[in-house]
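To keep things clear, I will list the structure first and then write my remarks on it.
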Amino acid sequence: MAKEWTLLLLCGILGSGCSEKPAWFKNITTSLFKSPGDILIGGLFPINELTSDLSKRVKPDDLECNSISTYGVSLALAMKFSLDEINSKEYLLPGITLGFESYDTCMQPAVVMRPVLQLLTKESTKELDIACNYTDYKPRVIAIIGPNSSELVPVIGKLIGFFLMPLISYGATSDVFSDKETFPSFMRTVPSDRWQVAAMVQLLKEFGWKWVSVVGSDDEYGQKGQELFSSMANEQSICVAYQGLIPVYSDQEQTVKEILSRIEDAKVGVVVVFSSPKPARDFFIEVIKRNMTGVWVASTAWALNDAVATLPGISSIGTVLAFADITRPLHLFTPYIYELFTKLEEMPIPEQPDTDISPLDNPCPMCSYLSKANVSMVQTVERSAFSVYTAIYCAAHALHNLLGCNATHCALNPRTDNVYPWQLLQSLQKLSVDLEGVNFKFDKEGNPNVGYDVMQWNFSDNTVHLDIIGNFYQNLTINEKKIKWHTENGKVPMSTCSSDCGIGQVRRVKGFHSCCFDCIDCKEGTFLNNSDDIQCKSCPAGQWSTLRSTSCVYPIYTYLDWSNYESIGLILGGVLVLVSHLWVGALFFKHRGTPLVKSAGGLLSGLMLLSLAGTCVSLVLFLGQPGDIVCRLQEPLNAFFPTVALSVILTISLQIVCITEFPEKSCDHLENIRGRGSLFVILGCCGVQAGLCGWYAQEAPSLTQYVASLEVTYIKTFLRCPVEPMLNFGLMLGFNVLLALVSFMATFMALKPPGQYNVARDITISTLSYCVLWVMFIPIYTSLNDKEKSIAQVGVSLLSNLGLVAAYFFPKCQLLVKHPELNTDDHFRTFLEGVPPTPPEES
């Protein structure tokens, strides 16, 4: 009673209800594998499984297939259902009945040849004619539906192709069969493996899995699928760490163990299993034993197979992402099977099945024992049945077009008119039909315009539930939120040999796989233009890059901006020195004409102060953004103004030499030396320095030329005016030092006039400080960077300027302020009148 309620509930869910069965159900016959008709269609299904050892086969008939495959029987029943439904639709082939003959393939090439030869025999006979021309040859059937395996097509496809008989497979997916020169009559209602592999590769790319293994069954399906996957994966920069084949016809336990060991050694997180169902089952038995977990990508051949899904412990293997052909539900199929099995149950059943009957007459003797209790077995082919259904309906619609049918009659009658398989093939190639709301047609290679559902195996109560997470037709669409990963944190598992390189890092491949690499930083002056580049590129001339750059840039130049702390410090120093100049100038102007001012040089002291002030002002050329004109004036002015001051000091030093070294002649020549002589000395010194400055300005490159000639090895650097040539620069500064040195040499041995002001002392100290500062400047300057050089030069210029003012003018100012009573002729008599100083008497 419980079984009947279960079946009723199943009918209510999957069908339109057993109580609302169509009228044509009354005509269902209990002949499961054969039915007469005006036109016959052949069927090849894996109704049984091999039970004998192929290695012990001696005779052609040493083959036993005695284990029923509910999967294959269900597919064969799907063909019977489809044809019964077509025959009930009088508008499709009015007045014409389609019959069928279904045979067992046993999934073996040696078995499938017998039914194929039977199907190719001449109409209404069991003879296969040998003829020179087969154009008018009418075989037993007009088309063959099947087989379900890519392993069988190479065996029969070329033979059937010779007759140009349509061979419409509902499960053979190998891309090899798209070659119409080799398999001219092959067509299929499931996508080619090329599409499946493309979908798999897109799935791997979607989740960033670039380090994978691929395992296939050692048959046509697995070998070609594995080969195609490796090729397409390589094109998309996905590395196959290991690929292995599971034996199909021999003991596979040891081979599977070796395959799994190699997978573990490769440390991959994703394994693509492109296998037939039985090898896949043997593979996962060992996976469960080893307690291996990961992401398993299932091909269509085993993705929906119960033999794998019902393995004990299968829920422990991790995440299974499967591809399955896009299908539509056949709502009447389960109620049909229920009605069929009810009728079978009502028929008398023999006590023992006739085991001696030929498989060509009855491929499944045990199927006569099927009953309503077995209806649930068709659930295993819910998705695959649509492919069989589509294949048969395509043949029927092609016949509709070929026979010139409308809703009431056909122009050709197969009872009286000859209809050949090659004609049906041409009609199929042009076919476009709507089935269950889906437009279906074949391309020029015999492949359908359908794609895949992407599914996940979800494990609950030791049962596998299939959840659709996406689909594929030319492009992959995935809803990642629906995926339940096996990882602890529920995040997408990783499967990479090496982590992705960072920005500005190039890959250096190690080993044989492009996915295994070290990340090497792009050095300064190089960049990585594209993440796929295998080496860093050098920057173009005039550009530079930092470490790990993806582009090069033109350099940024900085300078002593007015707001910089260094600039502010130098400006304050310059203002302080200028203030001292003004104070000294004001004090000297106030006491102009006095003996002290006269001894300091009189009007020449004013010229000296102005030149020193000019030196301070010229230092502003070192601040702010440099330009061609600024750079032309910067160094020459910085050298020329001190020359004026030092030449004034030189004239006073020469007067002291005249007085001290030539006392007897000093009175006669002192006025000339102070007058025109001083003017000539000053003009002569300034003229020489002007020549040196002009030479420097002529030889030195402009700032624009200098910047253009720079070898750019930086992103940001300090820009100063070019100090070139160094010889000319050294001559300008050296000439000033020479003037100071001559003045020093002329005065440091001069005697101090007793009781009088020592003018020679001021010159000695001031020129000595000038020489010391600039001599020290040379080694310091050479060891500094450009910014520090500019700061150092300005700083030394200010210090040397202050040294001249402080050592030469401040002692005199102190006398004017503190001891004005000493500002008399007597106190400066020696220098003013040329009277030589009297050496102190020895005691």
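Following the order of the structure tokens, chains are lettered A, B, ..., residues in each are numbered from 1, and ligands are numbered from 1.
The environment of region 724-732 of chain A within 8 Å, counting only C-alpha atoms and disregarding residues fewer than 4 places along the same chain, consists of A:Glu635, A:Pro636, A:Ala639, A:Gln689, A:Leu692, A:Cys693, A:Trp695, A:Tyr696, A:Glu699, A:Ala700, A:Pro701, A:Asn736.
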Closest contacts (region 31-94 of chain A/region 130-139 of chain A, max 12 Å, only C-alpha atoms) as a tab-separated table:
```
residue	atom	partner	partner_atom	distance
A:Ile39	CA	A:Pro139	CA	10.7
A:Leu40	CA	A:Pro139	CA	9.7
A:Ile41	CA	A:Pro139	CA	10.6
A:Gly42	CA	A:Pro139	CA	10.7
```
Would you tabulate, counting only C-alpha atoms, all residues of region 180-263 of chain A that have an atom at most 8 Å from an atom of region 385-396 of chain A, showing the closest pair of atoms and their distance in Å to one decimal, sorted by chain then ascending number, as a tab-separated table?
```
residue	atom	partner	partner_atom	distance
A:Arg188	CA	A:Ala391	CA	7.4
A:Thr189	CA	A:Ser387	CA	5.6
A:Val190	CA	A:Ser387	CA	6.7
```
Next, write the just-selected residues to a file, as a short mmCIF file (atom, residue, chain, number, x, y, z; two decimals), in the first residue's frame, keeping N, CA and C atoms as the atom set.
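The resulting result-v5.cif:
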```cif
data_model
loop_
_atom_site.label_atom_id
_atom_site.label_comp_id
_atom_site.auth_asym_id
_atom_site.auth_seq_id
_atom_site.Cartn_x
_atom_site.Cartn_y
_atom_site.Cartn_z
N ARG A 188 24.26 15.20 -33.16
CA ARG A 188 24.01 14.94 -31.74
C ARG A 188 23.10 16.00 -31.16
N THR A 189 22.47 15.63 -30.07
CA THR A 189 21.56 16.56 -29.39
C THR A 189 22.16 17.07 -28.08
N VAL A 190 23.43 16.77 -27.86
CA VAL A 190 24.16 17.29 -26.70
C VAL A 190 25.36 18.08 -27.22
#
```
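Look at region 426-438 of chain A: the protein and nucleic acid residues within 9 Å of it, using only C-alpha atoms and passing over chain neighbours fewer than 6 places away, are Pro166, Met187, Arg328, Pro329, Leu330, Thr390, Tyr393, Cys394, Ala395, His397, Ala398, Leu399, Asn401, Leu402, Lys444 and Gly446 of chain A.
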Secondary structure check, strand (DSSP E or B) residues of region 21-110 of chain A, as a ChimeraX atom specification: /A:34-35,39-45,48-49,67-68,98-104
